[in-house]
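S.K.: Hey, dropping run-v6.txt in here, compact mmCIF, C-alpha atoms:
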# COMPACT_ATOMS: atom_id res chain seq x y z
CA MET A 9 152.69 94.20 108.88
CA ILE A 10 149.21 94.90 107.61
CA ASP A 11 148.41 98.56 107.19
CA LYS A 12 145.55 99.43 104.84
CA ARG A 13 145.60 103.14 105.57
CA VAL A 14 146.27 105.40 102.61
CA ALA A 15 147.29 109.01 103.00
CA SER A 16 144.83 110.76 100.72
CA LEU A 17 141.53 110.46 98.91
CA ALA A 18 143.37 110.97 95.62
CA GLU A 19 145.62 107.99 96.35
CA ALA A 20 142.64 105.89 97.41
CA VAL A 21 140.94 106.24 94.00
CA ALA A 22 143.97 106.72 91.73
CA ASP A 23 143.67 103.40 89.85
CA VAL A 24 139.98 103.54 88.89
CA LYS A 25 139.99 103.15 85.10
CA ASP A 26 137.60 104.35 82.43
CA GLY A 27 134.77 101.83 82.13
CA SER A 28 135.13 100.54 85.70
CA THR A 29 132.15 99.27 87.67
CA VAL A 30 132.01 101.04 91.04
CA LEU A 31 129.68 100.03 93.87
CA CYS A 32 128.74 103.15 95.86
CA SER A 33 127.07 102.63 99.22
CA GLY A 34 124.53 104.82 100.94
CA PHE A 35 120.78 105.27 101.29
CA GLY A 36 120.15 108.80 100.15
CA SER A 37 123.20 110.59 101.54
CA VAL A 38 123.34 108.55 104.76
CA GLY A 39 126.32 106.19 104.53
CA GLU A 40 127.27 107.61 101.12
CA PRO A 41 131.06 107.95 100.70
CA VAL A 42 130.65 111.45 99.31
CA GLU A 43 134.30 112.48 99.56
CA LEU A 44 135.53 109.32 97.79
CA ILE A 45 133.09 109.96 94.95
CA GLU A 46 134.19 113.60 94.80
CA ALA A 47 137.80 112.38 94.57
CA LEU A 48 136.81 110.06 91.74
CA HIS A 49 135.25 113.03 89.96
CA ALA A 50 138.52 114.95 90.32
CA GLN A 51 140.49 111.89 89.15
CA GLY A 52 138.60 111.99 85.86
CA ALA A 53 137.61 108.38 85.07
CA ARG A 54 134.80 108.21 82.52
CA ASP A 55 132.31 105.72 81.11
CA LEU A 56 131.66 104.37 84.60
CA VAL A 57 129.02 101.86 85.62
CA ILE A 58 127.73 102.83 89.05
CA VAL A 59 125.82 100.47 91.35
CA ALA A 60 123.99 102.36 94.10
CA ASN A 61 120.57 102.55 95.73
CA ASN A 62 119.88 106.07 94.47
CA ALA A 63 121.20 108.34 91.75
CA GLY A 64 122.52 111.31 93.66
CA LEU A 65 121.08 114.22 95.61
CA GLY A 66 121.72 117.88 94.89
CA ASP A 67 125.08 118.61 93.28
CA THR A 68 127.62 116.63 95.28
CA GLY A 69 128.90 113.06 95.28
CA LEU A 70 127.08 110.77 92.89
CA ALA A 71 125.00 113.67 91.56
CA ARG A 72 128.16 115.54 90.49
CA LEU A 73 129.59 112.44 88.83
CA ILE A 74 126.36 111.96 86.84
CA GLY A 75 125.93 115.67 86.14
CA SER A 76 129.36 115.89 84.55
CA GLY A 77 128.68 112.96 82.23
CA ARG A 78 131.09 110.43 83.74
CA VAL A 79 128.50 107.73 84.31
CA ARG A 80 127.48 105.58 81.33
CA LYS A 81 125.07 103.39 83.27
CA ILE A 82 123.54 103.29 86.72
CA ILE A 83 122.12 100.17 88.36
CA CYS A 84 119.85 101.32 91.19
CA SER A 85 116.46 100.85 92.85
CA PHE A 86 115.24 104.42 93.24
CA PRO A 87 116.70 107.27 91.19
CA ARG A 88 114.20 109.77 92.57
CA THR A 89 115.29 111.72 95.64
CA ALA A 90 114.39 115.10 97.11
CA ASP A 91 116.62 116.78 94.51
CA PRO A 92 117.59 114.44 91.67
CA HIS A 93 118.11 117.14 89.02
CA CYS A 94 121.51 115.85 87.80
CA PHE A 95 120.10 112.38 87.17
CA ASP A 96 116.82 113.69 85.74
CA GLU A 97 118.59 115.90 83.19
CA ALA A 98 120.91 113.08 82.08
CA TYR A 99 117.98 110.63 81.93
CA ARG A 100 115.72 112.90 79.89
CA ALA A 101 118.59 113.68 77.51
CA GLY A 102 119.21 109.95 77.04
CA LYS A 103 122.76 110.35 78.32
CA ILE A 104 122.59 107.69 81.03
CA GLU A 105 121.41 104.10 80.91
CA LEU A 106 119.17 103.12 83.84
CA GLU A 107 118.88 99.52 85.04
CA LEU A 108 116.13 99.61 87.64
CA VAL A 109 116.33 96.78 90.19
CA PRO A 110 114.05 96.05 93.15
CA GLN A 111 115.98 97.11 96.24
CA GLY A 112 116.13 93.68 97.85
CA THR A 113 117.11 92.09 94.55
CA LEU A 114 119.86 94.71 94.21
CA SER A 115 121.16 93.94 97.69
CA GLU A 116 120.94 90.17 97.09
CA ARG A 117 122.69 90.42 93.69
CA ILE A 118 125.57 92.24 95.40
CA ARG A 119 125.60 89.74 98.27
CA ALA A 120 125.71 86.91 95.73
CA GLY A 121 128.61 88.66 94.00
CA GLY A 122 130.52 88.66 97.25
CA ALA A 123 129.54 85.11 98.17
CA GLY A 124 130.56 83.32 94.98
CA ILE A 125 126.97 82.69 93.95
CA THR A 126 126.55 83.26 90.22
CA ALA A 127 122.79 83.73 90.09
CA PHE A 128 119.64 83.02 92.07
CA TYR A 129 115.88 82.79 91.65
CA THR A 130 113.43 85.11 93.41
CA ARG A 131 109.67 85.62 93.34
CA VAL A 132 110.21 89.38 93.42
CA SER A 133 109.32 91.09 90.11
CA ALA A 134 107.79 87.95 88.57
CA GLY A 135 105.05 88.93 86.15
CA THR A 136 106.14 92.59 86.01
CA ASP A 137 107.93 94.71 83.41
CA ILE A 138 111.14 94.36 85.45
CA ALA A 139 111.21 90.61 84.67
CA LYS A 140 110.97 91.11 80.89
CA GLY A 141 113.77 89.28 79.09
CA LYS A 142 114.79 87.36 82.19
CA GLU A 143 114.56 83.60 82.60
CA VAL A 144 111.53 82.55 84.64
CA ARG A 145 111.15 79.13 86.29
CA LEU A 146 108.41 77.62 88.41
CA PHE A 147 109.20 76.56 91.98
CA ASN A 148 106.30 75.28 94.12
CA GLY A 149 104.04 76.26 91.24
CA GLU A 150 105.05 79.92 91.43
CA PRO A 151 107.07 81.87 88.85
CA HIS A 152 110.56 82.92 89.95
CA VAL A 153 112.92 85.26 88.12
CA LEU A 154 116.60 84.46 87.53
CA GLU A 155 118.84 87.29 88.74
CA GLU A 156 122.59 87.42 88.22
CA ALA A 157 125.23 88.43 90.75
CA ILE A 158 126.82 91.87 90.66
CA ARG A 159 130.51 92.45 91.34
CA GLY A 160 132.41 95.70 91.19
CA ASP A 161 135.93 96.57 90.14
CA PHE A 162 135.75 98.90 93.14
CA ALA A 163 133.46 99.34 96.13
CA PHE A 164 133.37 102.76 97.79
CA ILE A 165 132.02 102.47 101.30
CA ARG A 166 131.82 104.60 104.43
CA ALA A 167 132.22 103.66 108.08
CA GLU A 168 132.48 105.40 111.42
CA SER A 169 135.74 103.84 112.60
CA ALA A 170 138.44 101.50 111.37
CA ASP A 171 141.71 100.02 112.57
CA ARG A 172 144.77 99.58 110.36
CA TRP A 173 143.66 96.06 109.42
CA GLY A 174 140.51 97.50 107.91
CA ASN A 175 138.06 96.21 110.54
CA LEU A 176 135.06 98.51 110.34
CA VAL A 177 132.31 99.74 112.62
CA TYR A 178 129.29 101.61 111.26
CA ARG A 179 126.88 103.94 113.00
CA ARG A 180 123.07 103.65 113.04
CA ALA A 181 121.33 103.54 109.65
CA ALA A 182 124.57 104.58 107.91
CA ARG A 183 125.38 100.87 107.92
CA ASN A 184 122.92 100.10 105.05
CA PHE A 185 124.66 98.75 101.90
CA ASN A 186 128.21 99.13 103.27
CA PRO A 187 128.78 95.61 104.69
CA VAL A 188 127.21 94.03 101.59
CA MET A 189 129.18 96.05 99.04
CA ALA A 190 132.45 95.65 100.97
CA CYS A 191 132.46 91.94 100.06
CA ALA A 192 131.65 92.26 96.36
CA ALA A 193 134.51 94.14 94.67
CA GLU A 194 138.08 93.54 93.56
CA VAL A 195 139.15 96.60 95.54
CA THR A 196 137.15 97.91 98.50
CA VAL A 197 137.95 101.44 99.63
CA ALA A 198 136.51 102.65 102.93
CA GLN A 199 136.29 106.28 103.98
CA VAL A 200 136.09 106.41 107.74
CA ALA A 201 135.54 109.18 110.25
CA ARG A 202 138.41 108.00 112.45
CA ILE A 203 141.13 105.41 112.93
CA VAL A 204 141.32 103.49 116.19
CA GLU A 205 144.12 101.34 117.63
CA LEU A 206 144.33 97.77 116.41
CA GLY A 207 142.67 95.63 119.07
CA SER A 208 140.47 98.38 120.43
CA ILE A 209 137.39 97.14 118.56
CA ASP A 210 135.92 94.22 120.48
CA PRO A 211 135.90 91.23 118.07
CA ASP A 212 132.19 90.78 118.85
CA HIS A 213 131.55 94.31 117.63
CA VAL A 214 133.37 94.29 114.28
CA HIS A 215 130.70 94.88 111.60
CA THR A 216 132.92 94.31 108.55
CA PRO A 217 136.15 92.36 109.12
CA GLY A 218 139.27 93.64 107.42
CA ILE A 219 139.47 90.67 105.04
CA PHE A 220 136.92 92.52 102.87
CA VAL A 221 138.67 95.90 102.97
CA ASP A 222 141.69 96.93 100.90
CA ARG A 223 142.11 100.64 101.64
CA VAL A 224 141.11 102.93 104.47
CA VAL A 225 141.18 106.71 104.18
CA VAL A 226 140.25 109.10 106.96
CA VAL A 227 137.67 111.79 106.28
CA PRO A 228 136.67 113.48 109.54
CA ARG A 229 132.98 114.19 109.90
CA SER A 230 132.11 117.74 109.03
CA PRO A 231 130.37 119.63 111.86
CA ARG A 232 127.03 119.56 110.01
CA ALA A 233 127.06 115.77 109.71
CA MET B 26 79.65 113.50 103.33
CA THR B 27 83.10 114.24 104.84
CA PRO B 28 86.04 112.25 103.48
CA LEU B 29 88.82 111.31 105.89
CA SER B 30 91.97 113.44 105.87
CA ARG B 31 95.30 111.75 105.09
CA ARG B 32 96.05 111.59 108.82
CA GLN B 33 92.64 110.06 109.49
CA ILE B 34 93.27 107.35 106.88
CA ALA B 35 96.54 106.58 108.68
CA TRP B 36 94.71 106.57 112.04
CA ARG B 37 92.14 104.10 110.75
CA ALA B 38 94.82 101.73 109.40
CA ALA B 39 96.73 101.95 112.71
CA GLN B 40 93.67 100.73 114.68
CA ASP B 41 93.86 97.37 112.87
CA LEU B 42 97.50 96.61 113.75
CA PRO B 43 97.58 94.09 116.61
CA ASP B 44 99.88 94.14 119.63
CA GLY B 45 103.21 92.52 118.79
CA ALA B 46 103.00 93.06 115.02
CA TYR B 47 106.13 93.73 112.93
CA VAL B 48 105.19 96.26 110.27
CA ASN B 49 106.88 98.05 107.38
CA LEU B 50 105.54 101.47 106.45
CA GLY B 51 106.02 102.54 102.84
CA ILE B 52 106.93 106.11 101.94
CA GLY B 53 104.17 108.72 101.79
CA LEU B 54 100.83 108.21 103.52
CA PRO B 55 101.77 104.97 105.37
CA THR B 56 104.60 106.67 107.29
CA LEU B 57 101.91 108.60 109.22
CA VAL B 58 100.55 105.35 110.71
CA SER B 59 103.18 105.14 113.46
CA ASP B 60 101.73 108.28 115.08
CA TYR B 61 98.41 106.56 115.83
CA ILE B 62 99.05 103.17 117.42
CA PRO B 63 96.53 102.83 120.29
CA GLU B 64 97.82 103.07 123.86
CA GLY B 65 98.98 99.79 125.32
CA ARG B 66 99.97 98.13 122.03
CA GLU B 67 103.59 97.49 121.06
CA VAL B 68 104.02 97.47 117.29
CA VAL B 69 107.56 97.27 115.90
CA PHE B 70 108.15 99.33 112.75
CA HIS B 71 110.73 98.17 110.24
CA SER B 72 112.43 100.43 107.73
CA GLU B 73 114.02 99.04 104.56
CA ASN B 74 117.27 100.91 105.27
CA GLY B 75 117.97 98.66 108.24
CA VAL B 76 116.07 100.02 111.23
CA LEU B 77 113.86 97.83 113.44
CA GLY B 78 111.98 99.81 116.08
CA LEU B 79 111.52 103.07 114.23
CA GLY B 80 110.36 105.83 116.55
CA PRO B 81 108.71 109.19 115.92
CA ALA B 82 110.42 112.25 114.46
CA PRO B 83 113.08 113.66 116.82
CA ALA B 84 112.43 116.67 119.04
CA PRO B 85 114.30 119.82 117.99
CA GLY B 86 117.96 119.44 118.97
CA GLU B 87 117.68 115.63 119.15
CA GLU B 88 118.19 115.00 115.41
CA ASP B 89 120.69 112.27 114.43
CA PRO B 90 121.82 112.63 110.79
CA ASP B 91 122.55 108.87 110.64
CA LEU B 92 119.00 107.89 111.58
CA ILE B 93 116.48 108.20 108.75
CA ASN B 94 113.46 106.29 107.47
CA ALA B 95 112.75 105.02 103.96
CA GLY B 96 111.51 108.45 102.92
CA ARG B 97 114.80 110.01 104.15
CA GLY B 98 113.00 111.72 107.02
CA LEU B 99 114.86 112.01 110.34
CA VAL B 100 113.55 109.53 112.90
CA THR B 101 114.37 108.06 116.29
CA ILE B 102 114.88 104.48 117.38
CA VAL B 103 112.86 103.11 120.30
CA PRO B 104 114.29 101.24 123.29
CA GLY B 105 114.61 97.64 122.09
CA GLY B 106 115.35 98.74 118.53
CA ALA B 107 118.06 97.24 116.36
CA ILE B 108 120.15 98.16 113.32
CA VAL B 109 120.80 95.63 110.55
CA HIS B 110 122.60 95.92 107.22
CA HIS B 111 120.74 96.14 103.95
CA ASN B 112 120.83 92.48 103.12
CA ASP B 113 119.26 91.58 106.47
CA ALA B 114 116.76 94.42 106.13
CA PHE B 115 115.56 92.76 102.93
CA LEU B 116 115.92 89.24 104.29
CA ILE B 117 113.31 90.40 106.82
CA ILE B 118 111.11 91.62 103.96
CA ARG B 119 111.62 88.86 101.38
CA GLY B 120 111.84 86.00 103.87
CA GLY B 121 108.29 86.49 105.10
CA HIS B 122 109.20 87.87 108.54
CA LEU B 123 106.98 90.97 108.42
CA ASP B 124 103.37 90.65 109.53
CA TYR B 125 102.19 93.65 107.52
CA SER B 126 103.42 95.86 104.73
CA LEU B 127 101.50 99.11 104.46
CA LEU B 128 102.03 100.70 101.07
CA GLY B 129 100.90 103.66 99.04
CA ALA B 130 99.70 103.08 95.49
CA PHE B 131 98.76 104.67 92.19
CA GLN B 132 96.20 101.94 91.48
CA VAL B 133 94.87 98.72 93.03
CA SER B 134 92.80 96.24 91.02
CA ALA B 135 89.85 94.12 92.16
CA ALA B 136 92.18 91.10 91.99
CA GLY B 137 94.59 92.76 94.43
CA ASP B 138 97.12 93.76 91.78
CA LEU B 139 99.25 96.70 92.92
CA ALA B 140 100.74 99.49 90.77
CA ASN B 141 102.94 101.97 92.59
CA TRP B 142 106.28 102.41 90.84
CA ALA B 143 105.78 103.94 87.41
CA THR B 144 103.27 106.05 85.56
CA ASP B 145 102.68 106.48 81.83
CA ASP B 146 104.79 109.69 81.79
CA PRO B 147 108.07 108.85 79.97
CA THR B 148 109.80 111.96 81.37
CA PHE B 149 109.11 110.87 84.97
CA PRO B 150 111.88 108.43 85.94
CA PRO B 151 110.42 105.29 87.52
CA GLY B 152 111.46 104.29 91.04
CA LEU B 153 111.08 100.90 92.66
CA GLY B 154 112.76 101.17 96.02
CA GLY B 155 111.60 98.22 98.10
CA ALA B 156 108.03 98.12 96.81
CA MET B 157 108.31 94.90 94.78
CA ASP B 158 110.09 93.15 97.66
CA LEU B 159 107.46 94.30 100.17
CA ALA B 160 104.52 93.38 97.94
CA VAL B 161 105.79 89.82 97.56
CA GLY B 162 107.50 89.23 100.90
CA ALA B 163 105.26 90.47 103.70
CA LYS B 164 102.63 88.14 105.18
CA GLU B 165 99.90 90.68 104.41
CA VAL B 166 99.90 93.76 102.19
CA ARG B 167 97.54 96.63 102.93
CA VAL B 168 97.25 99.82 100.90
CA LEU B 169 96.51 103.37 102.03
CA ILE B 170 95.27 105.49 99.16
CA GLU B 171 93.01 108.39 98.22
CA HIS B 172 89.90 106.86 96.65
CA THR B 173 90.31 108.93 93.47
CA THR B 174 93.01 110.99 91.78
CA LYS B 175 93.07 114.75 92.18
CA ASP B 176 91.01 115.07 89.00
CA GLY B 177 88.46 112.53 90.21
CA ARG B 178 89.49 109.35 88.38
CA PRO B 179 89.16 106.07 90.30
CA ARG B 180 92.31 104.52 91.77
CA LEU B 181 90.45 101.28 92.57
CA VAL B 182 90.08 99.65 89.19
CA ALA B 183 89.08 96.45 87.41
CA ARG B 184 92.53 96.28 85.85
CA CYS B 185 95.62 98.40 86.52
CA THR B 186 96.70 100.54 83.57
CA TYR B 187 100.06 101.43 85.15
CA PRO B 188 102.87 98.83 85.34
CA LEU B 189 102.37 96.29 88.11
CA THR B 190 104.46 96.14 91.27
CA ALA B 191 103.07 92.67 91.98
CA ALA B 192 99.95 90.72 91.06
CA ARG B 193 97.28 89.60 93.55
CA CYS B 194 99.06 90.82 96.67
CA VAL B 195 96.76 93.43 98.30
CA LYS B 196 94.34 92.18 100.97
CA ARG B 197 92.89 95.38 102.45
CA ILE B 198 92.57 99.00 101.33
CA TYR B 199 92.02 102.11 103.43
CA THR B 200 90.79 105.13 101.49
CA ASN B 201 89.41 108.53 102.45
CA LEU B 202 85.94 107.13 101.72
CA ALA B 203 85.96 103.44 102.65
CA VAL B 204 87.69 100.37 104.01
CA LEU B 205 87.63 97.52 101.52
CA ASP B 206 88.85 93.93 101.46
CA VAL B 207 90.07 92.26 98.30
CA THR B 208 88.40 88.85 98.05
CA GLU B 209 88.13 86.12 95.44
CA ALA B 210 84.95 87.90 94.33
CA GLY B 211 86.61 91.32 94.11
CA PHE B 212 86.22 94.41 96.33
CA VAL B 213 84.06 94.06 99.44
CA VAL B 214 83.26 97.27 101.33
CA ARG B 215 83.62 96.88 105.11
CA GLU B 216 83.09 100.50 106.09
CA MET B 217 82.24 103.75 104.36
CA VAL B 218 81.96 107.35 105.50
CA ALA B 219 78.59 108.65 106.70
CA GLY B 220 76.52 110.43 104.08
CA LEU B 221 77.78 108.28 101.23
CA ASP B 222 75.55 105.57 99.75
CA ALA B 223 76.48 102.47 97.82
CA PRO B 224 75.69 103.87 94.34
CA ALA B 225 77.78 106.99 95.05
CA LEU B 226 80.81 104.95 96.16
CA GLN B 227 80.35 102.68 93.16
CA ARG B 228 80.48 105.70 90.81
CA LEU B 229 83.91 106.58 92.23
CA THR B 230 85.22 103.03 91.77
CA ASP B 231 86.09 101.42 88.45
CA ALA B 232 85.24 97.85 89.49
CA PRO B 233 82.11 96.22 90.92
CA LEU B 234 81.68 96.65 94.68
CA ALA B 235 80.05 94.19 97.05
CA PHE B 236 79.01 95.39 100.48
CA ALA B 237 79.57 93.34 103.62
CA PRO B 238 76.30 92.49 105.44
CA ASP B 239 77.70 94.26 108.51
CA CYS B 240 79.13 97.19 106.53
CA GLY B 241 79.85 99.92 109.10
CA VAL B 242 80.50 103.62 109.23
CA LEU B 243 84.08 104.73 108.56
CA LYS B 244 84.95 107.36 111.11
CA ALA B 245 88.06 108.80 112.74
CA PRO B 246 88.62 111.40 115.44
CA PRO B 247 89.57 114.93 114.41
CA LEU B 248 93.37 114.99 114.02
CA GLY B 249 95.69 117.95 113.73
CA GLU B 250 98.26 118.00 110.97
CA ARG B 251 100.99 117.66 113.60
CA ALA B 252 101.82 114.26 115.03
CA ARG B 253 100.99 113.44 118.62
CA GLY B 254 103.80 113.36 121.22
Please express what this file holds, its structure, as structure tokens.

M.R.:
Amino acid sequence: MIDKRVASLAEAVADVKDGSTVLCSGFGSVGEPVELIEALHAQGARDLVIVANNAGLGDTGLARLIGSGRVRKIICSFPRTADPHCFDEAYRAGKIELELVPQGTLSERIRAGGAGITAFYTRVSAGTDIAKGKEVRLFNGEPHVLEEAIRGDFAFIRAESADRWGNLVYRRAARNFNPVMACAAEVTVAQVARIVELGSIDPDHVHTPGIFVDRVVVVPRSPRA
Amino acid sequence: MTPLSRRQIAWRAAQDLPDGAYVNLGIGLPTLVSDYIPEGREVVFHSENGVLGLGPAPAPGEEDPDLINAGRGLVTIVPGGAIVHHNDAFLIIRGGHLDYSLLGAFQVSAAGDLANWATDDPTFPPGLGGAMDLAVGAKEVRVLIEHTTKDGRPRLVARCTYPLTAARCVKRIYTNLAVLDVTEAGFVVREMVAGLDAPALQRLTDAPLAFAPDCGVLKAPPLGERARG
């Protein structure tokens, strides 16, 4: 019998080791697995490499992890948010390494990681500071930049509903990086608002099939969200 | 001479979007454009976080915390809209499926080079978002920008001094003073506000200006700071 449900957030993140690479979904706080990241903070792993679109908002989730010095490096497209003070302080103090990646290149590098593609060429960033040090090759007379795949030891994602096989359904723009990151890690952990009966999700409506998901933990939506 | 307000710049850019266009609006000034599409035109707005058919801000009580735009503002989705995941949102951008990308900028050069992701302030963390993807991927890139900085320095320049987002990508620029095309010969002024003459506009621009033979008057209706309907 396949049952990917785990009983607690603590259990879901227990085996993240110091130095792990963790893909964290979300666009701003929408689709961000805040409670999983909070559980990782409580678990205590250090020296982490985080792959995310942003670098945390306010004092919770990714911001808390960065603010308490657990993140050695962040690979992201846009570290500025409405309230990025945890990242800003770490950045100005030289306590966090920033690898800035164009958003579509970030998404494609993660997709490639999940798809068994080692690297790819793109026109995006050619001729800019972001391409410095990267291999450049001409295709159709235009410079293209070689970008390497990203894989995580873990992917932390967030969905609206799941069944015990780990089939996932997202809601609105909270889908964002979740389906892409789900495919690109050794262990994919999904926090979901609710569990539904196996078979109750129409196969045509499964957004991420359970083959990509290792653990499911229920975190009911708080009234404000 | 009365410069256009930020909303009037957005209004002017909106008038040029044809019926049926698929358009991405960058954060900042461009996000105002969706408020001013002329009656009778259907323009589909794309947001990099996976929304096609972005609608206006929600009415009080109608907010959906899972529905935001690229600037993290709460939005609605129009009938006919669709949600895609991030990789498809950027496949749309990078694969050449967008008709227009409307972007903000720090600087634009006479060759159409765009700088909008980093300044020369080392304490200000840079941020790319989807700007490099949009600058390269959309069929046409247009920029909405104040003609000068707050302290009066030109933003339209011979050569960008800030790091480039992409080279030779901008085709048209809407400012509070003028509408300009970027051509092989550099900036060509298509419209400028009443009461401004060519030498005055040239003094506010750090690259040679040519003026179209049919150069018109840049005007926009008075617009409140609140969006329509």

S.K.: What gap, in Å, lies between atom CA of A:Val221 and atom CA of A:Gly69?

M.R.: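 Straight-line distance from atom CA of A:Val221 to atom CA of A:Gly69 works out to 21.2 Å.
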
S.K.: Taking only C-alpha atoms into account, report as a PyMOL selection string which residues of chain B lie within 9 Å of chain A.

M.R.: chain B and resi 73-76+89-97+107-112+114-116+118-119+147-162+188-192

S.K.: Convert the current residue selection to file output with C-alpha atoms, as a tab-separated table (two decimals), keeping the file's coordinate frame.

M.R.:
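Saved the output as out_29.tsv:
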chain	number	residue	atom	x	y	z
B	73	GLU	CA	114.02	99.04	104.56
B	74	ASN	CA	117.27	100.91	105.27
B	75	GLY	CA	117.97	98.66	108.24
B	76	VAL	CA	116.07	100.02	111.23
B	89	ASP	CA	120.69	112.27	114.43
B	90	PRO	CA	121.82	112.63	110.79
B	91	ASP	CA	122.55	108.87	110.64
B	92	LEU	CA	119.00	107.89	111.58
B	93	ILE	CA	116.48	108.20	108.75
B	94	ASN	CA	113.46	106.29	107.47
B	95	ALA	CA	112.75	105.02	103.96
B	96	GLY	CA	111.51	108.45	102.92
B	97	ARG	CA	114.80	110.01	104.15
B	107	ALA	CA	118.06	97.24	116.36
B	108	ILE	CA	120.15	98.16	113.32
B	109	VAL	CA	120.80	95.63	110.55
B	110	HIS	CA	122.60	95.92	107.22
B	111	HIS	CA	120.74	96.14	103.95
B	112	ASN	CA	120.83	92.48	103.12
B	114	ALA	CA	116.76	94.42	106.13
B	115	PHE	CA	115.56	92.76	102.93
B	116	LEU	CA	115.92	89.24	104.29
B	118	ILE	CA	111.11	91.62	103.96
B	119	ARG	CA	111.62	88.86	101.38
B	147	PRO	CA	108.07	108.85	79.97
B	148	THR	CA	109.80	111.96	81.37
B	149	PHE	CA	109.11	110.87	84.97
B	150	PRO	CA	111.88	108.43	85.94
B	151	PRO	CA	110.42	105.29	87.52
B	152	GLY	CA	111.46	104.29	91.04
B	153	LEU	CA	111.08	100.90	92.66
B	154	GLY	CA	112.76	101.17	96.02
B	155	GLY	CA	111.60	98.22	98.10
B	156	ALA	CA	108.03	98.12	96.81
B	157	MET	CA	108.31	94.90	94.78
B	158	ASP	CA	110.09	93.15	97.66
B	159	LEU	CA	107.46	94.30	100.17
B	160	ALA	CA	104.52	93.38	97.94
B	161	VAL	CA	105.79	89.82	97.56
B	162	GLY	CA	107.50	89.23	100.90
B	188	PRO	CA	102.87	98.83	85.34
B	189	LEU	CA	102.37	96.29	88.11
B	190	THR	CA	104.46	96.14	91.27
B	191	ALA	CA	103.07	92.67	91.98
B	192	ALA	CA	99.95	90.72	91.06

S.K.: Could you give me, as a list in words, the residues within 7 Å of B:Gly78, counting all atoms listed in the file and dropping anything in the same chain fewer than 6 positions from it?

M.R.: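 My reading of the contact set: Val69, Phe70, His71, Ile102, Val103, Gly105, Gly106 and Ala107 of chain B.
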
S.K.: Pick the closest to B:Ala203 from B:Ala225, B:Ala136, B:Ala235, B:Val242: which is it, counting all atoms listed in the file?

M.R.: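 Using all atoms listed in the file, B:Ala203 sits closest to B:Val242.
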
S.K.: What separation in Å, quoted to one decimal, exists between atom CA of B:Asp239 and atom CA of B:Ile198?

M.R.: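 Calculated distance between atom CA of B:Asp239 and atom CA of B:Ile198 is 17.2 Å.
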
S.K.: What is the distance between atom CA of A:Ala198 and atom CA of A:Phe128, in Å to one decimal?

M.R.: 28.1 Å
